Structures are given as C-alpha cells and as structure tokens.
file work13.tsv (TSV, C-alpha atoms)
chain	number	residue	atom	x	y	z
A	217	MET	CA	105.76	60.47	104.64
A	218	GLY	CA	108.23	62.97	103.20
A	219	ILE	CA	105.76	64.77	100.97
A	220	LEU	CA	103.23	65.43	103.76
A	221	ASN	CA	106.06	66.68	105.92
A	222	PHE	CA	107.06	69.01	103.09
A	223	PHE	CA	103.52	70.41	102.75
A	224	TRP	CA	103.22	70.88	106.50
A	225	THR	CA	106.58	72.68	106.52
A	226	LEU	CA	105.42	75.11	103.81
A	227	PHE	CA	102.12	75.62	105.65
A	228	TYR	CA	103.73	76.75	108.90
A	229	ILE	CA	106.48	78.71	107.16
A	230	ASN	CA	103.74	80.65	105.43
A	231	LEU	CA	102.06	81.42	108.76
A	232	PHE	CA	105.26	83.16	109.84
A	233	THR	CA	105.91	84.91	106.52
A	234	ILE	CA	104.84	88.25	107.93
A	235	GLY	CA	105.79	91.53	106.27
A	236	GLY	CA	106.69	90.46	102.74
A	237	GLY	CA	107.42	87.47	100.52
A	238	TYR	CA	111.15	87.82	101.19
A	239	VAL	CA	110.60	86.96	104.85
A	240	MET	CA	109.99	83.40	103.66
A	241	ILE	CA	113.60	83.05	102.48
A	242	PRO	CA	115.37	82.67	105.86
A	243	LEU	CA	112.60	80.34	107.08
A	244	LEU	CA	112.78	78.17	103.97
A	245	GLN	CA	116.55	78.09	104.09
A	246	GLN	CA	116.43	76.86	107.68
A	247	GLU	CA	113.90	74.08	107.04
A	248	VAL	CA	114.47	73.02	103.43
A	249	VAL	CA	118.27	73.30	103.29
A	250	ASN	CA	119.66	73.14	106.83
A	251	HIS	CA	117.16	70.90	108.59
A	252	TYR	CA	115.66	68.46	106.06
A	253	HIS	CA	118.41	68.68	103.38
A	254	TRP	CA	115.78	68.56	100.63
A	255	LEU	CA	117.85	71.04	98.58
A	256	THR	CA	121.49	72.04	98.46
A	257	GLU	CA	122.37	75.69	99.00
A	258	LYS	CA	122.95	76.09	95.25
A	259	GLU	CA	119.57	74.60	94.34
A	260	PHE	CA	117.98	76.89	96.91
A	261	ILE	CA	119.59	79.93	95.27
A	262	ASP	CA	118.31	78.74	91.87
A	263	SER	CA	114.80	78.44	93.34
A	264	ILE	CA	114.88	82.06	94.51
A	265	ALA	CA	116.01	83.18	91.06
A	266	ILE	CA	113.21	81.22	89.38
A	267	GLY	CA	110.61	82.64	91.77
A	268	GLN	CA	111.88	86.08	90.87
A	269	VAL	CA	112.07	85.64	87.09
A	270	THR	CA	108.49	84.40	86.73
A	271	PRO	CA	105.61	86.88	86.92
A	272	GLY	CA	103.46	86.88	90.03
A	273	PRO	CA	104.58	86.34	93.61
A	274	LEU	CA	108.06	85.17	94.65
A	275	THR	CA	106.41	82.50	96.82
A	276	ILE	CA	105.71	80.46	93.67
A	277	MET	CA	109.30	79.28	94.15
A	278	ASN	CA	107.77	76.78	96.61
A	279	SER	CA	106.21	75.00	93.63
A	280	PHE	CA	109.62	74.79	91.96
A	281	ILE	CA	111.02	73.25	95.13
A	282	GLY	CA	108.04	70.85	95.28
A	283	TYR	CA	108.59	69.75	91.68
A	284	LYS	CA	112.32	69.34	92.24
A	285	ILE	CA	111.81	67.02	95.21
A	286	PHE	CA	108.47	65.26	94.59
A	287	GLY	CA	107.43	65.95	90.97
A	288	LEU	CA	104.08	67.33	89.78
A	289	GLY	CA	102.16	66.40	92.93
A	290	GLY	CA	104.81	68.17	94.98
A	291	ALA	CA	104.43	71.33	92.89
A	292	LEU	CA	100.65	71.38	93.16
A	293	GLY	CA	100.60	70.56	96.86
A	294	ALA	CA	103.24	73.23	97.48
A	295	ALA	CA	101.01	75.88	95.87
A	296	ILE	CA	98.03	74.80	97.98
A	297	SER	CA	100.05	74.66	101.22
A	298	THR	CA	101.45	78.11	100.47
A	299	TYR	CA	98.26	79.97	99.56
A	300	LEU	CA	95.55	78.20	101.56
A	301	PRO	CA	96.60	79.62	104.95
A	302	SER	CA	96.55	83.11	103.41
A	303	VAL	CA	93.03	82.65	102.05
A	304	ILE	CA	91.74	81.50	105.44
A	305	ILE	CA	93.50	84.22	107.44
A	306	VAL	CA	92.72	87.12	105.07
A	307	ILE	CA	89.04	86.17	104.97
A	308	GLY	CA	89.02	85.88	108.76
A	309	VAL	CA	90.72	89.25	109.20
A	310	SER	CA	88.56	91.04	106.61
A	311	HIS	CA	85.56	90.85	108.94
A	312	TYR	CA	87.44	92.79	111.58
A	313	TYR	CA	89.87	94.77	109.45
A	314	LEU	CA	89.25	98.17	111.05
A	315	GLN	CA	89.87	96.83	114.56
A	316	PHE	CA	92.80	94.78	113.25
A	317	LYS	CA	94.42	97.65	111.35
A	318	ASN	CA	94.16	100.04	114.31
A	319	SER	CA	95.05	97.52	116.98
A	320	VAL	CA	97.92	98.72	119.20
A	321	LEU	CA	98.98	95.13	119.74
A	322	VAL	CA	99.12	94.26	116.01
A	323	ASN	CA	101.05	97.41	115.17
A	324	SER	CA	103.55	97.05	118.00
A	325	ILE	CA	104.18	93.41	117.07
A	326	PHE	CA	104.94	94.57	113.53
A	327	GLN	CA	107.27	97.25	114.83
A	328	GLY	CA	109.28	94.48	116.41
A	329	ILE	CA	109.14	92.05	113.49
A	330	ARG	CA	109.95	94.46	110.66
A	331	PRO	CA	113.49	95.39	111.78
A	332	ALA	CA	114.22	91.80	112.85
A	333	VAL	CA	113.33	90.61	109.36
A	334	ILE	CA	115.92	93.00	107.92
A	335	GLY	CA	118.56	91.42	110.14
A	336	LEU	CA	117.46	87.92	109.11
A	337	LEU	CA	117.66	88.79	105.41
A	338	ALA	CA	121.11	90.32	105.87
A	339	ALA	CA	122.22	87.02	107.41
A	340	VAL	CA	120.77	85.16	104.41
A	341	ALA	CA	122.63	87.44	101.99
A	342	LEU	CA	125.80	86.55	103.88
A	343	THR	CA	125.35	82.75	103.77
A	344	LEU	CA	124.17	82.73	100.15
A	345	GLY	CA	127.01	85.09	99.26
A	346	ARG	CA	129.53	82.60	100.66
A	347	ALA	CA	128.03	79.90	98.44
A	348	SER	CA	127.69	81.83	95.19
A	349	ILE	CA	130.32	84.57	95.16
A	350	ILE	CA	133.37	82.45	94.46
A	351	ASP	CA	135.49	84.45	92.03
A	352	VAL	CA	135.88	87.90	90.45
A	353	PRO	CA	133.12	87.56	87.80
A	354	THR	CA	130.49	86.39	90.33
A	355	GLY	CA	131.56	89.16	92.73
A	356	ALA	CA	131.19	91.73	89.97
A	357	ILE	CA	127.75	90.37	88.98
A	358	ALA	CA	126.54	90.63	92.60
A	359	LEU	CA	127.79	94.23	92.93
A	360	VAL	CA	126.40	95.38	89.61
A	361	SER	CA	123.04	93.69	90.33
A	362	PHE	CA	122.83	95.46	93.68
A	363	ALA	CA	123.65	98.83	92.10
A	364	LEU	CA	121.15	98.38	89.25
A	365	LEU	CA	118.36	97.42	91.66
A	366	VAL	CA	119.01	100.11	94.26
A	367	PHE	CA	120.16	103.10	92.23
A	368	VAL	CA	118.75	102.59	88.73
A	369	LYS	CA	115.59	100.75	89.92
A	370	VAL	CA	115.78	98.13	87.18
A	371	GLU	CA	113.11	95.39	87.43
A	372	PRO	CA	114.52	92.31	89.24
A	373	THR	CA	113.37	90.07	86.37
A	374	PHE	CA	115.70	91.85	83.94
A	375	VAL	CA	118.59	91.86	86.42
A	376	ILE	CA	118.38	88.09	86.81
A	377	LEU	CA	118.04	87.44	83.08
A	378	GLY	CA	120.99	89.78	82.47
A	379	ALA	CA	123.02	87.92	85.08
A	380	ALA	CA	122.24	84.60	83.37
A	381	ILE	CA	123.57	85.91	80.05
A	382	THR	CA	126.61	87.49	81.73
A	383	GLY	CA	127.24	84.18	83.49
A	384	MET	CA	127.21	82.30	80.19
A	385	LEU	CA	129.71	84.76	78.72
A	386	LEU	CA	132.07	85.03	81.70
A	387	CYS	CA	131.86	81.75	83.57
A	388	SER	CA	131.72	79.00	80.94
B	277	MET	CA	80.43	94.11	102.95
B	278	ARG	CA	77.91	92.94	100.37
B	279	GLU	CA	78.38	90.86	97.24
B	280	THR	CA	78.56	92.65	93.89
B	281	ASP	CA	77.16	91.75	90.46
B	282	ILE	CA	80.63	91.08	89.09
B	283	SER	CA	80.97	87.44	88.10
B	284	VAL	CA	83.63	85.07	89.39
B	285	LYS	CA	84.68	84.56	85.78
B	286	GLU	CA	85.35	88.29	85.34
B	287	ILE	CA	87.41	88.35	88.54
B	288	LEU	CA	89.37	85.32	87.37
B	289	THR	CA	90.01	86.89	83.95
B	290	VAL	CA	91.36	90.15	85.39
B	291	PHE	CA	93.57	88.37	87.90
B	292	LEU	CA	94.89	86.01	85.23
B	293	LYS	CA	95.95	89.11	83.33
B	294	ILE	CA	97.63	90.48	86.46
B	295	GLY	CA	99.30	87.13	87.13
B	296	THR	CA	100.63	86.96	83.57
B	297	PHE	CA	101.89	90.47	83.03
B	298	ALA	CA	102.82	91.76	86.46
B	299	PHE	CA	106.57	91.26	86.55
B	300	GLY	CA	108.97	92.65	89.06
B	301	GLY	CA	108.59	94.14	92.45
B	302	VAL	CA	105.68	94.90	94.74
B	303	TYR	CA	105.22	98.44	93.48
B	304	SER	CA	104.88	97.57	89.81
B	305	MET	CA	102.31	94.94	90.75
B	306	LEU	CA	100.33	97.34	92.92
B	307	ALA	CA	100.31	99.85	90.07
B	308	PHE	CA	98.94	97.13	87.80
B	309	PHE	CA	96.21	96.28	90.35
B	310	GLU	CA	95.27	99.92	90.67
B	311	ARG	CA	94.97	100.40	86.91
B	312	GLU	CA	92.94	97.25	86.28
B	313	ILE	CA	90.62	97.21	89.28
B	314	VAL	CA	90.24	100.79	90.46
B	315	THR	CA	90.78	103.01	87.41
B	316	LYS	CA	89.59	100.91	84.47
B	317	ARG	CA	86.79	98.87	86.03
B	318	ALA	CA	85.90	100.81	89.18
B	319	TRP	CA	85.21	97.57	91.07
B	320	ILE	CA	86.47	99.19	94.25
B	321	ASN	CA	87.36	102.81	95.12
B	322	HIS	CA	90.74	104.14	96.16
B	323	ASP	CA	89.96	103.94	99.88
B	324	ALA	CA	89.08	100.26	99.66
B	325	PHE	CA	92.20	99.71	97.58
B	326	ALA	CA	94.38	101.37	100.23
B	327	GLU	CA	92.74	99.17	102.87
B	328	SER	CA	93.42	96.06	100.83
B	329	ILE	CA	97.11	96.97	100.63
B	330	VAL	CA	97.32	97.41	104.41
B	331	ILE	CA	95.56	94.08	105.03
B	332	GLY	CA	97.87	92.41	102.50
B	333	GLN	CA	100.89	93.51	104.47
B	334	LEU	CA	99.52	92.74	107.92
B	335	THR	CA	98.61	89.12	107.13
B	336	PRO	CA	100.95	86.15	106.67
B	337	GLY	CA	101.99	85.12	103.16
B	338	ALA	CA	102.79	87.03	99.99
B	339	PRO	CA	101.36	90.55	100.53
B	340	ILE	CA	100.28	90.97	96.91
B	341	VAL	CA	98.37	87.68	96.89
B	342	ASN	CA	96.72	88.65	100.18
B	343	THR	CA	95.71	92.05	98.80
B	344	GLY	CA	94.08	90.19	95.90
B	345	ILE	CA	92.31	87.78	98.29
B	346	PHE	CA	90.89	90.71	100.25
B	347	ILE	CA	89.64	92.42	97.06
B	348	GLY	CA	88.16	89.17	95.73
B	349	TYR	CA	86.38	88.57	99.03
B	350	MET	CA	84.92	92.09	98.98
B	351	LEU	CA	83.61	91.50	95.46
B	352	LYS	CA	82.32	87.91	95.60
B	353	LYS	CA	83.01	86.33	99.00
B	354	VAL	CA	84.96	83.06	99.16
B	355	ARG	CA	84.61	82.25	95.46
B	356	GLY	CA	85.95	85.70	94.57
B	357	ALA	CA	88.87	85.26	96.95
B	358	LEU	CA	89.78	81.88	95.45
B	359	ALA	CA	89.47	83.27	91.90
B	360	THR	CA	92.09	85.94	92.68
B	361	VAL	CA	94.53	83.33	94.00
B	362	VAL	CA	94.08	81.03	91.00
B	363	GLY	CA	94.40	83.99	88.61
B	364	GLN	CA	97.54	85.38	90.23
B	365	VAL	CA	99.27	82.06	90.70
B	366	LEU	CA	98.31	79.91	87.69
B	367	PRO	CA	100.42	81.63	84.97
B	368	SER	CA	103.61	81.60	87.05
B	369	PHE	CA	102.80	78.07	88.28
B	370	VAL	CA	102.73	76.77	84.68
B	371	LEU	CA	105.90	78.67	83.85
B	372	VAL	CA	107.62	77.31	86.97
B	373	LEU	CA	106.71	73.73	85.96
B	374	ILE	CA	108.26	74.23	82.52
B	375	ILE	CA	111.40	75.80	83.99
B	376	ALA	CA	111.66	73.07	86.64
B	377	TYR	CA	111.40	70.36	83.96
B	378	LEU	CA	114.13	71.99	81.85
B	379	TYR	CA	116.24	72.69	84.95
B	380	ILE	CA	116.29	69.04	85.98
B	381	LYS	CA	116.80	67.77	82.44
B	382	TYR	CA	119.66	70.09	81.49
B	383	LYS	CA	121.28	70.79	84.83
B	384	ASP	CA	124.59	69.19	83.84
B	385	TYR	CA	124.98	71.31	80.71
B	386	VAL	CA	127.96	73.63	80.93
B	387	LEU	CA	126.11	76.65	79.53
B	388	LEU	CA	123.20	76.30	81.98
B	389	ARG	CA	125.60	75.89	84.90
B	390	ALA	CA	127.42	79.03	83.81
B	391	ALA	CA	124.12	80.93	83.55
B	392	LEU	CA	123.08	79.73	87.02
B	393	LYS	CA	126.43	80.80	88.41
B	394	GLY	CA	125.67	84.33	87.24
B	395	VAL	CA	122.11	84.11	88.53
B	396	GLY	CA	123.28	82.94	91.97
B	397	ALA	CA	125.48	86.01	92.30
B	398	ALA	CA	122.62	88.27	91.18
B	399	VAL	CA	120.32	86.74	93.83
B	400	VAL	CA	122.81	87.81	96.51
B	401	GLY	CA	122.77	91.33	95.06
B	402	LEU	CA	118.97	91.17	94.99
B	403	ILE	CA	118.60	90.18	98.64
B	404	ALA	CA	121.17	92.81	99.62
B	405	SER	CA	119.10	95.40	97.74
B	406	VAL	CA	115.97	94.31	99.62
B	407	VAL	CA	117.88	94.71	102.90
B	408	TYR	CA	119.04	98.17	101.79
B	409	ASN	CA	115.58	99.36	100.74
B	410	MET	CA	113.85	97.94	103.82
B	411	SER	CA	116.49	99.49	106.10
B	412	ASN	CA	115.90	102.91	104.57
B	413	LYS	CA	112.19	102.53	105.18
B	414	SER	CA	111.99	100.82	108.55
B	415	LEU	CA	115.16	101.46	110.56
B	416	LYS	CA	114.22	104.89	111.86
B	417	ASN	CA	115.31	104.77	115.48
B	418	TYR	CA	117.95	103.14	117.66
B	419	THR	CA	115.57	100.51	118.99
B	420	SER	CA	114.76	99.18	115.52
B	421	ILE	CA	118.45	99.21	114.54
B	422	ILE	CA	119.25	97.17	117.65
B	423	PHE	CA	116.44	94.74	116.78
B	424	ALA	CA	117.90	94.27	113.29
B	425	ILE	CA	121.46	93.76	114.56
B	426	CYS	CA	120.34	91.26	117.21
B	427	ALA	CA	118.37	89.26	114.64
B	428	PHE	CA	121.36	89.28	112.28
B	429	ILE	CA	123.77	88.02	114.95
B	430	ALA	CA	121.28	85.43	116.23
B	431	LEU	CA	120.88	83.90	112.77
B	432	ALA	CA	124.30	84.45	111.18
B	433	ILE	CA	126.45	83.48	114.18
B	434	PHE	CA	124.29	81.52	116.62
B	435	LYS	CA	122.11	79.83	113.97
B	436	PHE	CA	118.90	80.31	115.93
B	437	ASN	CA	115.69	79.16	114.27
B	438	PRO	CA	114.34	82.15	112.27
B	439	ILE	CA	110.70	81.35	113.13
B	440	LEU	CA	111.61	81.53	116.81
B	441	LEU	CA	113.38	84.84	116.16
B	442	ILE	CA	110.28	86.29	114.47
B	443	ILE	CA	108.13	85.23	117.44
B	444	VAL	CA	110.62	86.75	119.92
B	445	ALA	CA	110.81	89.98	117.89
B	446	GLY	CA	107.01	90.20	117.82
B	447	ILE	CA	106.75	89.72	121.59
B	448	ALA	CA	109.58	92.20	122.23
B	449	GLY	CA	107.86	94.69	119.90
B	450	SER	CA	104.54	94.34	121.69
B	451	ILE	CA	106.26	95.00	125.03
B	452	MET	CA	108.45	97.90	123.90
B	453	PHE	CA	106.17	99.67	121.43
B	454	GLY	CA	102.81	98.66	122.88
B	455	LYS	CA	102.25	102.07	124.43
B	456	ASN	CA	103.13	104.52	121.63
B	457	VAL	CA	100.56	104.06	118.90
B	458	GLY	CA	100.71	105.40	115.38
B	459	HIS	CA	104.26	104.76	114.24
B	460	GLY	CA	103.46	101.39	112.81
B	461	ASN	CA	102.10	102.24	109.38
B	462	PRO	CA	103.44	99.75	106.89
call {"tool": "encode", "arguments": {"input": "work13.tsv", "output": "structure tokens"}}
result
Amino acid sequence: MGILNFFWTLFYINLFTIGGGYVMIPLLQQEVVNHYHWLTEKEFIDSIAIGQVTPGPLTIMNSFIGYKIFGLGGALGAAISTYLPSVIIVIGVSHYYLQFKNSVLVNSIFQGIRPAVIGLLAAVALTLGRASIIDVPTGAIALVSFALLVFVKVEPTFVILGAAITGMLLCS
Amino acid sequence: MRETDISVKEILTVFLKIGTFAFGGVYSMLAFFEREIVTKRAWINHDAFAESIVIGQLTPGAPIVNTGIFIGYMLKKVRGALATVVGQVLPSFVLVLIIAYLYIKYKDYVLLRAALKGVGAAVVGLIASVVYNMSNKSLKNYTSIIFAICAFIALAIFKFNPILLIIVAGIAGSIMFGKNVGHGNP
C-alpha cells in the first residue's frame, strides 16, 4: 500500500524534525526523492517553494506532495501524519515542561543536533543547487535571493514570488 | 494548568486569523502570536508565551505549530490544542490544494515552467540563507563547527541517512555537552 507507506514516512520524518521546519527538508529529500522516487528533484524544489509561499508553516508542503502523488486523500492524510505526532508529543511534554526545559540531557542533545542540522541543510543547498542553478539567470536569481533574505531581510514569500516573475521574464 | 473560560470557537477563530495572515519567517509569525494572544486578548502572559516558544522549539515538528499546540492546551486542553492546529493549517491547506491542482494541470505551460525555474533558484538562495542565519546563531565554538562539517560531509559525500545523522549528533551531543549546562538555550 503506497499511500500508507507515504503517511508512515511523513509520521517518522516528523518525529525527527527537531529544531525547525527546515530540518524536515533533508529527511524528506532522502525518503521522498532518493529512496521511494515519489517526486523528482525538480518537483521537490517546487514543493518547498509552495510551502514557503503559502501562509502558515512550511511543513504544509507535505500536503502538496500528498496531492501530487495520491490526490485529495493524500493531501489530507499528509496533514494528519505531519501534525498528529506533534499534538501528542507537545501535550505529553507540557505536563513536565519545567523538568524538560531544564533537563541537562535534552539540552545537550540539542547542542549536538543544532550544528549537525546546519551541515545537513548546507548539503541540501548543494544538491538542489546542482539541479536548479543551470545557467546565468538562475545563478543570478539564487544570489540575489540570498542577499535579499540575509541582508535586506525581505520576507521569503516576496522573494519567491519575485523569483517567479523574474523567471518568466528571463527564462521563457 | 487549569482550563479557562475561553471557548474552543474563539481559539479556532484567532488561530484561523494567524494561519491566514502570518506570512514569512518564524519571527514575523511569533510577533503575530504575541499581538493576538498576549497583547490584545491577554489569554496568556508574557512568561507563558516565552515558555510556549521554548517548548515549540524543543519538540519535533514545525516549532510554530507546536507553540500553538502548547498555548491551546493551556487554554482548553486537548480540544484547544486541536483547534490551534486546525486554525493554523487550514488556510494554507486550502491554498496548497488550489496551487497543487493548477500546478498539475498547467505544468507543461512554458510560462509556468519559466516561473518555476526562477523559483527553484530562489529556493536554493533561501536554504543558503537559512544555513547562514543558523550558523551565525548556533556555531559558536569549534566543537559545533566540527559537528556541522561532519554532518555536511556525511550527507553530501557519503550519502548517509539524515535521520541516522540526527540520532548520532544527538548522542554525541549528550556525551560531549552533557556536563556543562546552560549553553543550550534555543
């Protein structure tokens, strides 16, 4: 059953999405693109963009992926598989949040995970860059996007919409 | 924690508003939360809000959604928690369905392909900017820099499974940092 496998994949990916929604990207890329071949690299990049353009959390991109592969049921099931583990865990933790927050073990685990996640995301930027930076215009769009986000602090939504318009003008 | 008089419907309404209008990054969304829940309605105070942010980041999943779940649970137990998820996710879920429909229908159109080519490049810039910002915040000593470089090499060159790498990094962190407390504030 492909669809159940897909939901299960999202469920366990979400359990390891620790320290920010972006952490999900390397995990999704591994399972959805490299392992199961549900999406091509290009479709995966489009999913990230769509998750970013819409309001609310980036993780809603899972519903886009679900719709793309399995239709409406896939989209709905993807949302449930993505957010249900969070509901259960947050409610569980909230009873012990003071102990949890001050736990040496929890904090030291995070001190290990946080820098590792940066390395993982850098690797993702590299592989996605190889797939989508293919000529001078796309290279320029990537550089300008980076500069606008880091130095001018433009909202990501506007950067992606701007890139779509620039793409239409330069690449068609 | 005790239940409040605030109704599930009120919680849902506020979080629908957040889910509809909160574009952009984590900080703009947190500012929106703060304005709607702490300043305007005084459902929780600033201390509880700060706690909800910490819990959001220390639990698996999207931190913002988790912060909402924690707030909803404080206000109205499980029903409150579920109301925050539905509110935050429903508007973008509907929008994603519409975009997905159009995406599949028009994906061979030249103009859409050109737009997506631009978007693909911007996504690379976006992820690079996340790496840059996170590095500035979290790579403060040699140990953490080494962790980041090892993870990069393990994924980019050796194609290790990233879930495995996160588990290994967590175990390594608990061994190496387990004794000096207090540096781990998110």
call {"tool": "residues_near_point", "arguments": {"input": "work13.tsv", "point": "(90.7, 87.6, 87.9)", "cutoff": "12 Å", "atoms": "only C-alpha atoms", "output": "JSON, numbers by chain"}}
result
{"B": [282, 283, 284, 285, 286, 287, 288, 289, 290, 291, 292, 293, 294, 295, 296, 309, 312, 313, 319, 341, 344, 345, 347, 348, 349, 351, 352, 355, 356, 357, 358, 359, 360, 361, 362, 363, 364, 365, 366, 367]}
call {"tool": "closest_atom_pairs", "arguments": {"input": "work13.tsv", "of": "chain A", "to": "chain B", "cutoff": "6 Å", "atoms": "all atoms listed in the file", "output": "tab-separated table"}}
result
residue	atom	partner	partner_atom	distance
A:Asn230	CA	B:Gly337	CA	5.3
A:Leu231	CA	B:Pro336	CA	5.3
A:Thr233	CA	B:Pro336	CA	5.1
A:Ile234	CA	B:Pro336	CA	4.6
A:Gly235	CA	B:Gln333	CA	5.6
A:Gly236	CA	B:Pro339	CA	5.8
A:Gly237	CA	B:Ala338	CA	4.7
A:Leu243	CA	B:Pro438	CA	5.8
A:Ile261	CA	B:Gly396	CA	5.8
A:Thr270	CA	B:Ser368	CA	5.6
A:Pro271	CA	B:Phe299	CA	4.5
A:Gly272	CA	B:Gly295	CA	5.1
A:Phe280	CA	B:Val372	CA	5.9
A:Ser302	CA	B:Gly337	CA	5.8
A:Val320	CA	B:Val457	CA	6.0
A:Leu321	CA	B:Ser450	CA	5.9
A:Asn323	CA	B:Gly460	CA	5.2
A:Ser324	CA	B:Ser450	CA	4.7
A:Ile325	CA	B:Gly446	CA	4.3
A:Gln327	CA	B:Gly449	CA	5.7
A:Gly328	CA	B:Gly449	CA	3.8
A:Ile329	CA	B:Ala445	CA	5.1
A:Pro331	CA	B:Ala424	CA	4.8
A:Ala332	CA	B:Ala424	CA	4.5
A:Ile334	CA	B:Val407	CA	5.7
A:Gly335	CA	B:Phe428	CA	4.1
A:Leu336	CA	B:Phe428	CA	5.2
A:Ala339	CA	B:Ala432	CA	5.0
A:Ala341	CA	B:Val400	CA	5.5
A:Gly345	CA	B:Val400	CA	5.7
A:Ser348	CA	B:Ala397	CA	5.5
A:Ile349	CA	B:Ala397	CA	5.8
A:Thr354	CA	B:Ala397	CA	5.4
A:Ile357	CA	B:Ala397	CA	5.9
A:Ala358	CA	B:Gly401	CA	4.6
A:Ser361	CA	B:Gly401	CA	5.3
A:Phe362	CA	B:Gly401	CA	4.4
A:Val366	CA	B:Ser405	CA	5.9
A:Glu371	CA	B:Gly300	CA	5.2
A:Pro372	CA	B:Gly300	CA	5.6
A:Thr373	CA	B:Gly300	CA	5.8
A:Ile376	CA	B:Val395	CA	5.7
A:Ala379	CA	B:Gly394	CA	5.0
A:Ala380	CA	B:Ala391	CA	4.1
A:Gly383	CA	B:Gly394	CA	4.1
A:Met384	CA	B:Ala391	CA	4.8
A:Cys387	CA	B:Ala390	CA	5.2
A:Ser388	CA	B:Ala390	CA	5.2
call {"tool": "write_last_selection", "arguments": {"input": "work13.tsv", "atoms": "C-alpha atoms", "output": "PDB file, in the frame of the given file"}}
result
ATOM      1  CA  ASN A 230     103.740  80.650 105.430  1.00  0.00           C
ATOM      2  CA  LEU A 231     102.060  81.420 108.760  1.00  0.00           C
ATOM      3  CA  THR A 233     105.910  84.910 106.520  1.00  0.00           C
ATOM      4  CA  ILE A 234     104.840  88.250 107.930  1.00  0.00           C
ATOM      5  CA  GLY A 235     105.790  91.530 106.270  1.00  0.00           C
ATOM      6  CA  GLY A 236     106.690  90.460 102.740  1.00  0.00           C
ATOM      7  CA  GLY A 237     107.420  87.470 100.520  1.00  0.00           C
ATOM      8  CA  LEU A 243     112.600  80.340 107.080  1.00  0.00           C
ATOM      9  CA  ILE A 261     119.590  79.930  95.270  1.00  0.00           C
ATOM     10  CA  THR A 270     108.490  84.400  86.730  1.00  0.00           C
ATOM     11  CA  PRO A 271     105.610  86.880  86.920  1.00  0.00           C
ATOM     12  CA  GLY A 272     103.460  86.880  90.030  1.00  0.00           C
ATOM     13  CA  PHE A 280     109.620  74.790  91.960  1.00  0.00           C
ATOM     14  CA  SER A 302      96.550  83.110 103.410  1.00  0.00           C
ATOM     15  CA  VAL A 320      97.920  98.720 119.200  1.00  0.00           C
ATOM     16  CA  LEU A 321      98.980  95.130 119.740  1.00  0.00           C
ATOM     17  CA  ASN A 323     101.050  97.410 115.170  1.00  0.00           C
ATOM     18  CA  SER A 324     103.550  97.050 118.000  1.00  0.00           C
ATOM     19  CA  ILE A 325     104.180  93.410 117.070  1.00  0.00           C
ATOM     20  CA  GLN A 327     107.270  97.250 114.830  1.00  0.00           C
ATOM     21  CA  GLY A 328     109.280  94.480 116.410  1.00  0.00           C
ATOM     22  CA  ILE A 329     109.140  92.050 113.490  1.00  0.00           C
ATOM     23  CA  PRO A 331     113.490  95.390 111.780  1.00  0.00           C
ATOM     24  CA  ALA A 332     114.220  91.800 112.850  1.00  0.00           C
ATOM     25  CA  ILE A 334     115.920  93.000 107.920  1.00  0.00           C
ATOM     26  CA  GLY A 335     118.560  91.420 110.140  1.00  0.00           C
ATOM     27  CA  LEU A 336     117.460  87.920 109.110  1.00  0.00           C
ATOM     28  CA  ALA A 339     122.220  87.020 107.410  1.00  0.00           C
ATOM     29  CA  ALA A 341     122.630  87.440 101.990  1.00  0.00           C
ATOM     30  CA  GLY A 345     127.010  85.090  99.260  1.00  0.00           C
ATOM     31  CA  SER A 348     127.690  81.830  95.190  1.00  0.00           C
ATOM     32  CA  ILE A 349     130.320  84.570  95.160  1.00  0.00           C
ATOM     33  CA  THR A 354     130.490  86.390  90.330  1.00  0.00           C
ATOM     34  CA  ILE A 357     127.750  90.370  88.980  1.00  0.00           C
ATOM     35  CA  ALA A 358     126.540  90.630  92.600  1.00  0.00           C
ATOM     36  CA  SER A 361     123.040  93.690  90.330  1.00  0.00           C
ATOM     37  CA  PHE A 362     122.830  95.460  93.680  1.00  0.00           C
ATOM     38  CA  VAL A 366     119.010 100.110  94.260  1.00  0.00           C
ATOM     39  CA  GLU A 371     113.110  95.390  87.430  1.00  0.00           C
ATOM     40  CA  PRO A 372     114.520  92.310  89.240  1.00  0.00           C
ATOM     41  CA  THR A 373     113.370  90.070  86.370  1.00  0.00           C
ATOM     42  CA  ILE A 376     118.380  88.090  86.810  1.00  0.00           C
ATOM     43  CA  ALA A 379     123.020  87.920  85.080  1.00  0.00           C
ATOM     44  CA  ALA A 380     122.240  84.600  83.370  1.00  0.00           C
ATOM     45  CA  GLY A 383     127.240  84.180  83.490  1.00  0.00           C
ATOM     46  CA  MET A 384     127.210  82.300  80.190  1.00  0.00           C
ATOM     47  CA  CYS A 387     131.860  81.750  83.570  1.00  0.00           C
ATOM     48  CA  SER A 388     131.720  79.000  80.940  1.00  0.00           C
TER      49      SER A 388
END
call {"tool": "atom_distance", "arguments": {"input": "work13.tsv", "atom1": "CA of Ala295 in chain A", "atom2": "CA of Leu274 in chain A"}}
result
11.7 Å
call {"tool": "atom_distance", "arguments": {"input": "work13.tsv", "atom1": "CA of Leu226 in chain A", "atom2": "CA of Thr298 in chain A"}}
result
6.0 Å
call {"tool": "atom_distance", "arguments": {"input": "work13.tsv", "atom1": "CA of Leu385 in chain A", "atom2": "CA of Phe260 in chain A"}}
result
23.0 Å
call {"tool": "residues_near_point", "arguments": {"input": "work13.tsv", "point": "(112.9, 72.0, 105.7)", "cutoff": "10 Å", "atoms": "all atoms listed in the file", "output": "list of chain:residue names"}}
result
A:Asn221, A:Phe222, A:Phe223, A:Trp224, A:Thr225, A:Leu226, A:Ile229, A:Leu243, A:Leu244, A:Gln245, A:Gln246, A:Glu247, A:Val248, A:Val249, A:Asn250, A:His251, A:Tyr252, A:His253, A:Trp254, A:Leu255
call {"tool": "axis_aligned_box", "arguments": {"input": "work13.tsv", "around": "range 352-368 of chain A", "padding_each_side": "6 Å", "output": "AutoDock Vina command-line options"}}
result
--center_x 127.1 --center_y 94.7 --center_z 91.0 --size_x 29.5 --size_y 28.7 --size_z 18.5
